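Shown next: my_file_20.tsv, given as TSV, C-alpha atoms and all ligand atoms.
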chain	number	residue	atom	x	y	z
A	916	MET	CA	164.42	199.88	140.88
A	917	SER	CA	165.21	201.16	144.32
A	918	GLN	CA	163.11	200.81	147.39
A	919	ALA	CA	164.20	202.76	150.39
A	920	ASN	CA	163.33	200.02	152.82
A	921	VAL	CA	165.08	197.24	150.92
A	922	ALA	CA	168.76	196.87	151.74
A	923	GLN	CA	170.92	197.36	148.66
A	924	PRO	CA	173.35	194.55	148.01
A	925	VAL	CA	176.80	195.80	148.97
A	926	GLY	CA	179.72	194.98	146.76
A	927	ARG	CA	183.25	194.32	147.86
A	928	MET	CA	186.40	196.32	147.50
A	929	ILE	CA	189.41	194.33	146.33
A	930	VAL	CA	192.59	196.34	146.80
A	931	VAL	CA	195.72	195.35	144.88
A	932	ALA	CA	198.91	196.41	146.66
A	933	SER	CA	202.58	195.54	146.70
A	934	GLY	CA	204.60	198.26	148.33
A	935	LYS	CA	207.09	198.02	145.48
A	936	GLY	CA	206.48	199.21	141.93
A	937	GLY	CA	207.10	197.19	138.80
A	938	VAL	CA	205.68	193.91	140.04
A	939	GLY	CA	202.73	193.94	137.62
A	940	LYS	CA	200.10	195.46	139.90
A	941	THR	CA	198.46	197.60	137.25
A	942	TRP	CA	198.50	194.85	134.66
A	943	PHE	CA	197.09	192.38	137.19
A	944	SER	CA	194.39	194.82	138.40
A	945	ILE	CA	193.19	195.31	134.83
A	946	SER	CA	193.26	191.60	134.05
A	947	LEU	CA	191.52	190.67	137.29
A	948	ALA	CA	188.77	193.25	136.68
A	949	HIS	CA	188.38	191.86	133.18
A	950	ALA	CA	188.25	188.25	134.36
A	951	LEU	CA	185.70	189.08	137.06
A	952	ALA	CA	183.58	190.91	134.49
A	953	ARG	CA	183.72	187.85	132.27
A	954	THR	CA	182.04	185.83	135.00
A	955	GLY	CA	179.10	188.22	134.68
A	956	ARG	CA	179.86	190.44	137.65
A	957	ARG	CA	179.53	194.21	137.62
A	958	VAL	CA	183.07	195.50	138.05
A	959	LEU	CA	184.68	198.89	138.54
A	960	LEU	CA	188.44	199.27	138.24
A	961	ALA	CA	189.68	202.33	140.13
A	962	ASP	CA	193.15	203.83	139.71
A	963	ALA	CA	194.45	204.91	143.10
A	964	ASP	CA	198.02	205.28	141.86
A	965	LEU	CA	197.35	208.95	141.33
A	966	GLY	CA	200.76	210.37	140.58
A	967	LEU	CA	201.66	207.59	138.15
A	968	ALA	CA	198.17	206.68	137.02
A	969	ASN	CA	198.50	204.44	134.02
A	970	ILE	CA	195.53	202.11	133.79
A	971	ASP	CA	194.29	204.22	130.87
A	972	VAL	CA	197.68	203.94	129.19
A	973	GLN	CA	197.81	200.16	129.50
A	974	LEU	CA	194.27	200.01	128.14
A	975	GLY	CA	194.88	202.53	125.36
A	976	ILE	CA	191.92	204.69	126.33
A	977	LYS	CA	191.64	208.45	126.71
A	978	PRO	CA	188.85	208.91	129.21
A	979	GLU	CA	186.91	212.16	129.03
A	980	ARG	CA	186.36	212.09	132.76
A	981	ASP	CA	188.54	210.83	135.55
A	982	LEU	CA	189.04	210.78	139.26
A	983	GLY	CA	189.68	214.53	139.21
A	984	GLY	CA	185.96	215.29	139.31
A	985	VAL	CA	185.48	212.89	142.19
A	986	LEU	CA	188.36	214.33	144.22
A	987	ALA	CA	186.93	217.80	143.70
A	988	GLY	CA	183.63	216.55	145.09
A	989	LYS	CA	181.87	217.38	141.83
A	990	MET	CA	181.16	213.91	140.47
A	991	THR	CA	179.98	210.55	141.70
A	992	PRO	CA	182.06	207.52	140.72
A	993	ALA	CA	179.30	206.52	138.29
A	994	GLU	CA	179.55	209.92	136.59
A	995	ALA	CA	183.33	209.85	136.43
A	996	ALA	CA	183.68	206.24	135.24
A	997	THR	CA	184.34	205.18	131.68
A	998	ARG	CA	182.71	202.06	130.26
A	999	LEU	CA	184.85	199.60	128.32
A	1000	PRO	CA	182.18	197.96	126.21
A	1001	ASP	CA	184.35	195.15	124.87
A	1002	ALA	CA	185.90	194.19	128.18
A	1003	GLY	CA	182.61	194.67	130.03
A	1004	PHE	CA	183.84	196.64	133.02
A	1005	ASP	CA	184.06	200.29	134.07
A	1006	VAL	CA	187.19	202.28	134.76
A	1007	LEU	CA	187.66	205.17	137.13
A	1008	ALA	CA	190.82	206.57	135.63
A	1009	GLY	CA	193.45	208.32	137.68
A	1010	ARG	CA	195.05	211.50	136.59
A	1011	SER	CA	198.67	211.13	135.76
A	1012	GLY	CA	200.83	213.95	137.05
A	1013	SER	CA	198.09	215.00	139.45
A	1014	GLY	CA	200.41	214.49	142.40
A	1015	ALA	CA	200.62	211.41	144.56
A	1016	LEU	CA	197.89	210.01	146.74
A	1017	ALA	CA	199.94	211.09	149.75
A	1018	SER	CA	199.81	214.73	148.69
A	1019	LEU	CA	196.02	214.95	148.35
A	1020	SER	CA	194.31	217.54	150.49
A	1021	ALA	CA	192.34	216.19	153.42
A	1022	ALA	CA	189.11	217.14	151.65
A	1023	ALA	CA	190.12	215.34	148.44
A	1024	MET	CA	191.12	212.27	150.42
A	1025	GLU	CA	187.76	212.22	152.19
A	1026	ALA	CA	186.01	212.61	148.83
A	1027	PHE	CA	187.99	209.72	147.42
A	1028	PHE	CA	187.21	207.58	150.40
A	1029	ALA	CA	183.53	208.39	150.27
A	1030	ALA	CA	183.52	207.61	146.54
A	1031	LEU	CA	184.98	204.16	147.12
A	1032	GLY	CA	182.18	203.53	149.61
A	1033	THR	CA	179.56	204.74	147.13
A	1034	ALA	CA	181.09	202.58	144.42
A	1035	ARG	CA	180.57	199.50	146.56
A	1036	GLN	CA	176.84	200.18	146.43
A	1037	GLN	CA	176.86	200.24	142.63
A	1038	TRP	CA	179.34	197.60	141.55
A	1039	GLN	CA	179.75	194.07	142.82
A	1040	ASP	CA	183.53	194.27	142.67
A	1041	VAL	CA	185.51	197.46	143.06
A	1042	VAL	CA	189.10	196.61	142.14
A	1043	VAL	CA	191.56	199.25	143.31
A	1044	ASP	CA	195.08	199.56	141.88
A	1045	LEU	CA	196.84	201.06	144.87
A	1046	GLY	CA	200.20	201.85	143.33
A	1047	ALA	CA	203.56	201.75	145.04
A	1048	GLY	CA	204.36	203.21	148.44
A	1049	LEU	CA	203.04	202.71	151.93
A	1050	ASP	CA	202.04	206.17	153.09
A	1051	LEU	CA	199.06	206.77	155.32
A	1052	PRO	CA	196.46	207.20	152.54
A	1053	GLN	CA	197.51	203.92	150.97
A	1054	ARG	CA	197.38	202.23	154.34
A	1055	ARG	CA	193.92	203.63	154.93
A	1056	ILE	CA	192.59	202.33	151.63
A	1057	ALA	CA	194.24	198.95	152.18
A	1058	ALA	CA	192.72	198.77	155.66
A	1059	ALA	CA	189.25	199.44	154.23
A	1060	ALA	CA	189.53	196.59	151.72
A	1061	ASP	CA	187.21	193.63	151.96
A	1062	LEU	CA	190.06	191.71	150.40
A	1063	LEU	CA	193.65	192.86	150.08
A	1064	LEU	CA	195.62	191.15	147.33
A	1065	VAL	CA	199.33	191.53	147.96
A	1066	VAL	CA	201.33	191.10	144.75
A	1067	ALA	CA	204.87	189.80	145.13
A	1068	THR	CA	207.56	188.49	142.84
A	1069	GLU	CA	210.54	186.35	143.74
A	1070	GLU	CA	212.82	189.38	143.95
A	1071	PRO	CA	214.01	189.91	147.53
A	1072	THR	CA	213.00	193.60	147.48
A	1073	SER	CA	209.50	192.67	146.39
A	1074	LEU	CA	209.26	190.10	149.16
A	1075	THR	CA	210.33	192.53	151.86
A	1076	ASP	CA	207.89	195.14	150.57
A	1077	ALA	CA	205.05	192.61	150.39
A	1078	TYR	CA	205.90	191.59	153.94
A	1079	ALA	CA	205.71	195.25	155.01
A	1080	VAL	CA	202.26	195.58	153.37
A	1081	ILE	CA	201.02	192.50	155.24
A	1082	LYS	CA	202.49	193.75	158.52
A	1083	LEU	CA	200.93	197.23	158.26
A	1084	HIS	CA	197.61	195.79	157.15
A	1085	GLY	CA	197.61	193.60	160.25
A	1086	LEU	CA	198.26	196.63	162.44
A	1087	ASP	CA	195.73	198.86	160.68
A	1088	ASN	CA	193.00	196.23	160.43
A	1089	PRO	CA	193.65	193.17	162.59
A	1090	LYS	CA	190.54	191.47	161.19
A	1091	GLY	CA	191.39	192.35	157.59
A	1092	VAL	CA	191.52	189.62	154.99
A	1093	SER	CA	194.53	189.40	152.71
A	1094	ARG	CA	195.91	186.95	150.21
A	1095	VAL	CA	199.11	186.69	148.24
A	1096	VAL	CA	199.44	186.80	144.46
A	1097	VAL	CA	202.82	185.69	143.16
A	1098	ASN	CA	203.51	187.26	139.78
A	1099	MET	CA	206.17	186.61	137.15
A	1100	ALA	CA	206.87	183.12	138.45
A	1101	GLU	CA	209.24	181.06	136.30
A	1102	ASP	CA	206.92	178.12	136.86
A	1103	ARG	CA	204.40	177.01	139.45
A	1104	ALA	CA	206.99	175.33	141.68
A	1105	SER	CA	209.11	178.44	141.82
A	1106	GLY	CA	206.03	180.58	142.50
A	1107	GLN	CA	205.05	178.24	145.29
A	1108	ARG	CA	208.51	178.66	146.86
A	1109	THR	CA	208.12	182.44	146.72
A	1110	TYR	CA	204.76	182.16	148.43
A	1111	ASP	CA	206.12	179.76	151.05
A	1112	THR	CA	208.87	182.23	151.95
A	1113	LEU	CA	206.34	185.00	152.48
A	1114	ARG	CA	203.87	182.79	154.30
A	1115	ARG	CA	206.54	181.55	156.68
A	1116	ALA	CA	207.73	185.06	157.51
A	1117	ALA	CA	204.14	186.25	158.13
A	1118	SER	CA	203.39	183.19	160.22
A	1119	VAL	CA	206.55	183.29	162.36
A	1120	PHE	CA	206.95	187.04	162.87
A	1121	LEU	CA	203.41	188.37	162.49
A	1122	LYS	CA	201.42	185.33	163.62
A	1123	ARG	CA	199.30	185.76	160.53
A	1124	ASP	CA	198.24	183.08	158.10
A	1125	ILE	CA	198.08	184.58	154.62
A	1126	PRO	CA	196.50	182.25	152.05
A	1127	LEU	CA	197.63	182.11	148.45
A	1128	ALA	CA	195.28	183.70	145.91
A	1129	GLY	CA	197.28	182.31	143.02
A	1130	ILE	CA	200.48	182.15	141.02
A	1131	ILE	CA	200.86	183.96	137.71
A	1132	ARG	CA	203.59	182.76	135.42
A	1133	ARG	CA	206.05	185.02	133.68
A	1134	ASP	CA	204.78	185.37	130.14
A	1135	GLY	CA	206.19	187.37	127.24
A	1136	LYS	CA	202.63	188.04	126.06
A	1137	VAL	CA	202.13	190.42	128.98
A	1138	ARG	CA	204.63	192.85	127.52
A	1139	ASP	CA	203.12	192.47	124.07
A	1140	ALA	CA	199.62	193.22	125.34
A	1141	ILE	CA	200.83	196.28	127.25
A	1142	ARG	CA	202.86	197.49	124.27
A	1143	HIS	CA	199.82	197.23	122.01
A	1144	GLN	CA	197.60	198.74	124.71
A	1145	VAL	CA	195.11	195.91	124.50
A	1146	PRO	CA	193.80	194.09	127.58
A	1147	MET	CA	195.56	190.77	128.11
A	1148	LEU	CA	192.33	188.77	128.16
A	1149	THR	CA	191.32	190.30	124.84
A	1150	ALA	CA	194.67	189.95	123.10
A	1151	TYR	CA	195.91	186.62	124.47
A	1152	PRO	CA	193.07	184.94	126.36
A	1153	SER	CA	194.66	181.49	126.24
A	1154	SER	CA	198.18	182.53	127.22
A	1155	ALA	CA	199.65	181.18	130.45
A	1156	ALA	CA	199.42	184.43	132.41
A	1157	ALA	CA	195.84	185.11	131.25
A	1158	MET	CA	194.73	181.66	132.35
A	1159	ASP	CA	196.44	182.11	135.70
A	1160	VAL	CA	194.50	185.34	136.27
A	1161	GLU	CA	191.26	183.64	135.21
A	1162	ASN	CA	191.89	180.98	137.83
A	1163	ILE	CA	192.41	183.60	140.52
A	1164	ALA	CA	189.18	185.34	139.52
A	1165	GLN	CA	187.26	182.05	139.50
A	1166	ALA	CA	188.36	181.38	143.06
A	1167	LEU	CA	187.11	184.81	144.08
A	1168	VAL	CA	183.55	184.45	142.79
A	1201	LIG	N1	203.22	187.81	134.42
A	1201	LIG	C1	204.08	188.63	133.81
A	1201	LIG	N2	204.95	188.14	132.90
A	1201	LIG	C2	205.83	188.94	132.27
A	1201	LIG	N3	205.93	190.27	132.45
A	1201	LIG	C3	205.09	190.83	133.34
A	1201	LIG	C4	204.12	190.05	134.06
A	1201	LIG	N4	203.42	190.91	134.86
A	1201	LIG	C5	203.94	192.14	134.64
A	1201	LIG	N5	204.94	192.11	133.74
A	1201	LIG	C6	205.76	193.24	133.28
A	1201	LIG	O1	205.98	194.11	134.36
A	1201	LIG	C7	205.91	195.44	133.92
A	1201	LIG	C8	205.33	196.31	135.03
A	1201	LIG	O2	203.93	196.09	135.12
A	1201	LIG	P1	202.96	197.13	135.83
A	1201	LIG	O3	201.59	196.54	135.77
A	1201	LIG	O4	203.14	198.48	135.26
A	1201	LIG	O5	203.55	197.07	137.32
A	1201	LIG	P2	203.23	198.00	138.59
A	1201	LIG	O6	201.86	198.55	138.42
A	1201	LIG	O7	203.36	197.07	139.76
A	1201	LIG	O8	204.29	199.06	138.62
A	1201	LIG	C9	205.05	195.43	132.68
A	1201	LIG	O9	205.56	196.31	131.73
A	1201	LIG	C10	205.11	194.02	132.18
A	1201	LIG	O10	205.88	193.95	131.02
A	1202	MG	MG	201.16	200.50	138.40

Any chance you could give the structure as structure tokens?
Amino acid sequence: MSQANVAQPVGRMIVVASGKGGVGKTWFSISLAHALARTGRRVLLADADLGLANIDVQLGIKPERDLGGVLAGKMTPAEAATRLPDAGFDVLAGRSGSGALASLSAAAMEAFFAALGTARQQWQDVVVDLGAGLDLPQRRIAAAADLLLVVATEEPTSLTDAYAVIKLHGLDNPKGVSRVVVNMAEDRASGQRTYDTLRRAASVFLKRDIPLAGIIRRDGKVRDAIRHQVPMLTAYPSSAAAMDVENIAQALV
């Protein structure tokens, strides 16, 4: 049902970034996409961590198509996406070993960028797992986000990398909207302290006020779900970490 003169509703692009690897970005991106889908929204999860693409691995799927066709300019995101019928969202899988985002040709990067724009016309939420690193392509995608979710843990290296993401985002898109997700918190109080540290640094040195999107507790079920290659919200929907992600998603709808 498309009418040329009726404006199409435009979805939003939620980019998940951290600078540092190993903070739970991929797991969180999957769980957030799942939680948003469970609220009835149309959701696409896109893997932008090209060199180390592993959304498909965490989900235990072997997609027939992936981002490769999109980067080659041969497929639209809708053609390259894989439907997860049980979880109720679509996945645009990356291609592991395809080389990093930073090493894409200019043409492939433009194709990727255009595809993310197209995807926003077709899905209400486009969740992008940005992967580690802060090279120009990552910065460009982060700057184009309608909402940047910066994932941090209490580890000092994670905090400094999250701070760097916030700083570059502020330079690249001064009007950009970002929020902090604290992951692997021992408990809420400790997660709140981690957030306060980051917020203070951003406020004092960057003059930016970064709200908290939410705190996700450390939970042994996360490893179990990943090991069994089953989405967290399917395997352990009432676990602490799953409920924390559900709360974050609720606040975003
Ligand atoms: N809330 C959590 N509680 C416990 N372990 C977690 C949590 N979030 C992530 N992890 C662990 O962190 C590891 C790295 O997660 P991953 O999503 O691959 O991170 P990234 O994409 O940032 O590199 C996972 O194997 C998982 O076991
Ligand atoms: Mg990852």

Could the residues that lie within 8 Å of ligand LIG 1201 (chain A), counting all atoms listed in the file, be listed as a PyMOL selection string?
chain A and resi 933+935-944+969+1044+1046-1047+1098-1100+1131-1139+1141+1156

Between atom CA of Pro978 of chain A and atom CA of Leu1051 of chain A, what is the distance, to one decimal in Å?
28.1 Å

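With only the atoms specified (all atoms listed in the file) counting, those residues at most 12 Å away from (176.2, 202.0, 145.0) are Ser917, Ala922, Gln923, Pro924, Val925, Gly926, Arg927, Met928, Arg957, Val958, Leu959, Thr991, Pro992, Ala993, Ala1029, Ala1030, Leu1031, Gly1032, Thr1033, Ala1034, Arg1035, Gln1036, Gln1037, Trp1038, Gln1039, Asp1040 and Val1041 of chain A.
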
What is the distance, in Å and to one decimal place, between atom CA of Ser1154 of chain A and atom CA of Ala1104 of chain A?
18.4 Å

Restricting to all atoms listed in the file, whichever of A:Pro1152, A:Pro1089, A:Pro1146, A:Gly955 is closest to Ile976 of chain A is A:Pro1146

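Among the candidate residues A:Ala1164, A:Leu1062, A:Leu951, A:Ala1155, the one lying nearest to Ile1125 of chain A is A:Leu1062, with distances computed using all atoms listed in the file.
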
For segment 923-937 of chain A, take all atoms listed in the file, fit an axis-aligned box around them, add 3 Å to each of the six sides, then output centre and edge lengths in Å rounded to one decimal, as AutoDock Vina command-line options.
--center_x 189.0 --center_y 196.8 --center_z 143.9 --size_x 42.2 --size_y 10.9 --size_z 16.2

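Atom CA of Met1024 of chain A is found 23.2 Å from atom CA of Lys1082 of chain A.
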
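Distances to ligand MG 1202 (chain A) were evaluated for A:Arg953, A:Ala1017, A:Asp962, A:Pro1052 using all atoms listed in the file, and the minimum falls at A:Asp962.
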
If you count all atoms listed in the file, which residues fall within 10 Å of Ala995 of chain A, apart from same-chain ones fewer than 5 positions away, as a PDB file with C-alpha atoms, in the frame of the given file?
ATOM      1  CA  PRO A 978     188.850 208.910 129.210  1.00  0.00           C
ATOM      2  CA  GLU A 979     186.910 212.160 129.030  1.00  0.00           C
ATOM      3  CA  ARG A 980     186.360 212.090 132.760  1.00  0.00           C
ATOM      4  CA  ASP A 981     188.540 210.830 135.550  1.00  0.00           C
ATOM      5  CA  LEU A 982     189.040 210.780 139.260  1.00  0.00           C
ATOM      6  CA  GLY A 983     189.680 214.530 139.210  1.00  0.00           C
ATOM      7  CA  GLY A 984     185.960 215.290 139.310  1.00  0.00           C
ATOM      8  CA  VAL A 985     185.480 212.890 142.190  1.00  0.00           C
ATOM      9  CA  LYS A 989     181.870 217.380 141.830  1.00  0.00           C
ATOM     10  CA  MET A 990     181.160 213.910 140.470  1.00  0.00           C
ATOM     11  CA  ASP A1005     184.060 200.290 134.070  1.00  0.00           C
ATOM     12  CA  VAL A1006     187.190 202.280 134.760  1.00  0.00           C
ATOM     13  CA  LEU A1007     187.660 205.170 137.130  1.00  0.00           C
ATOM     14  CA  ALA A1008     190.820 206.570 135.630  1.00  0.00           C
TER      15      ALA A1008
END

If we count only C-alpha atoms and set the cut-off at 12 Å, which residues sit around Asn1162 of chain A, ignoring sequence neighbours fewer than 6 positions away in its own chain? Please answer as a PDB file with C-alpha atoms, keeping the file's coordinate frame.
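Output (out_0.pdb):
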ATOM      1  CA  SER A 946     193.260 191.600 134.050  1.00  0.00           C
ATOM      2  CA  LEU A 947     191.520 190.670 137.290  1.00  0.00           C
ATOM      3  CA  ALA A 950     188.250 188.250 134.360  1.00  0.00           C
ATOM      4  CA  LEU A 951     185.700 189.080 137.060  1.00  0.00           C
ATOM      5  CA  THR A 954     182.040 185.830 135.000  1.00  0.00           C
ATOM      6  CA  VAL A1096     199.440 186.800 144.460  1.00  0.00           C
ATOM      7  CA  ALA A1128     195.280 183.700 145.910  1.00  0.00           C
ATOM      8  CA  GLY A1129     197.280 182.310 143.020  1.00  0.00           C
ATOM      9  CA  ILE A1130     200.480 182.150 141.020  1.00  0.00           C
ATOM     10  CA  ILE A1131     200.860 183.960 137.710  1.00  0.00           C
ATOM     11  CA  SER A1153     194.660 181.490 126.240  1.00  0.00           C
ATOM     12  CA  ALA A1155     199.650 181.180 130.450  1.00  0.00           C
ATOM     13  CA  ALA A1156     199.420 184.430 132.410  1.00  0.00           C
ATOM     14  CA  VAL A1168     183.550 184.450 142.790  1.00  0.00           C
TER      15      VAL A1168
END

One residue among A:Ala1077, A:Thr1072, A:Ser1093, A:Thr1149 is nearest to Ala1060 of chain A when using all atoms listed in the file, and that residue is A:Ser1093

Contacts of Ser1018 of chain A at 10 Å (all atoms listed in the file; same-chain gap of 5+ positions) as a PyMOL selection string
chain A and resi 965-966+1013+1023-1024+1050+1052

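Nearest residue to ligand MG 1202 (chain A), choosing from A:Glu994, A:Val1043, A:Phe1004, A:Leu999 and counting only C-alpha atoms and all ligand atoms: A:Val1043.
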
For Thr1112 of chain A, list every protein, DNA or RNA residue within 12 Å, evaluated using only C-alpha atoms, and leave out those in the same chain fewer than 3 positions away; present the list as a PyMOL selection string.
chain A and resi 1067-1071+1073-1075+1077-1078+1095+1097+1105-1109+1115-1119+1125+1127

Emit the selected residues as a PDB file, keeping the file's coordinate frame, including C-alpha atoms.
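Output saved as again-v2.pdb:
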ATOM      1  CA  ALA A1067     204.870 189.800 145.130  1.00  0.00           C
ATOM      2  CA  THR A1068     207.560 188.490 142.840  1.00  0.00           C
ATOM      3  CA  GLU A1069     210.540 186.350 143.740  1.00  0.00           C
ATOM      4  CA  GLU A1070     212.820 189.380 143.950  1.00  0.00           C
ATOM      5  CA  PRO A1071     214.010 189.910 147.530  1.00  0.00           C
ATOM      6  CA  SER A1073     209.500 192.670 146.390  1.00  0.00           C
ATOM      7  CA  LEU A1074     209.260 190.100 149.160  1.00  0.00           C
ATOM      8  CA  THR A1075     210.330 192.530 151.860  1.00  0.00           C
ATOM      9  CA  ALA A1077     205.050 192.610 150.390  1.00  0.00           C
ATOM     10  CA  TYR A1078     205.900 191.590 153.940  1.00  0.00           C
ATOM     11  CA  VAL A1095     199.110 186.690 148.240  1.00  0.00           C
ATOM     12  CA  VAL A1097     202.820 185.690 143.160  1.00  0.00           C
ATOM     13  CA  SER A1105     209.110 178.440 141.820  1.00  0.00           C
ATOM     14  CA  GLY A1106     206.030 180.580 142.500  1.00  0.00           C
ATOM     15  CA  GLN A1107     205.050 178.240 145.290  1.00  0.00           C
ATOM     16  CA  ARG A1108     208.510 178.660 146.860  1.00  0.00           C
ATOM     17  CA  THR A1109     208.120 182.440 146.720  1.00  0.00           C
ATOM     18  CA  ARG A1115     206.540 181.550 156.680  1.00  0.00           C
ATOM     19  CA  ALA A1116     207.730 185.060 157.510  1.00  0.00           C
ATOM     20  CA  ALA A1117     204.140 186.250 158.130  1.00  0.00           C
ATOM     21  CA  SER A1118     203.390 183.190 160.220  1.00  0.00           C
ATOM     22  CA  VAL A1119     206.550 183.290 162.360  1.00  0.00           C
ATOM     23  CA  ILE A1125     198.080 184.580 154.620  1.00  0.00           C
ATOM     24  CA  LEU A1127     197.630 182.110 148.450  1.00  0.00           C
TER      25      LEU A1127
END
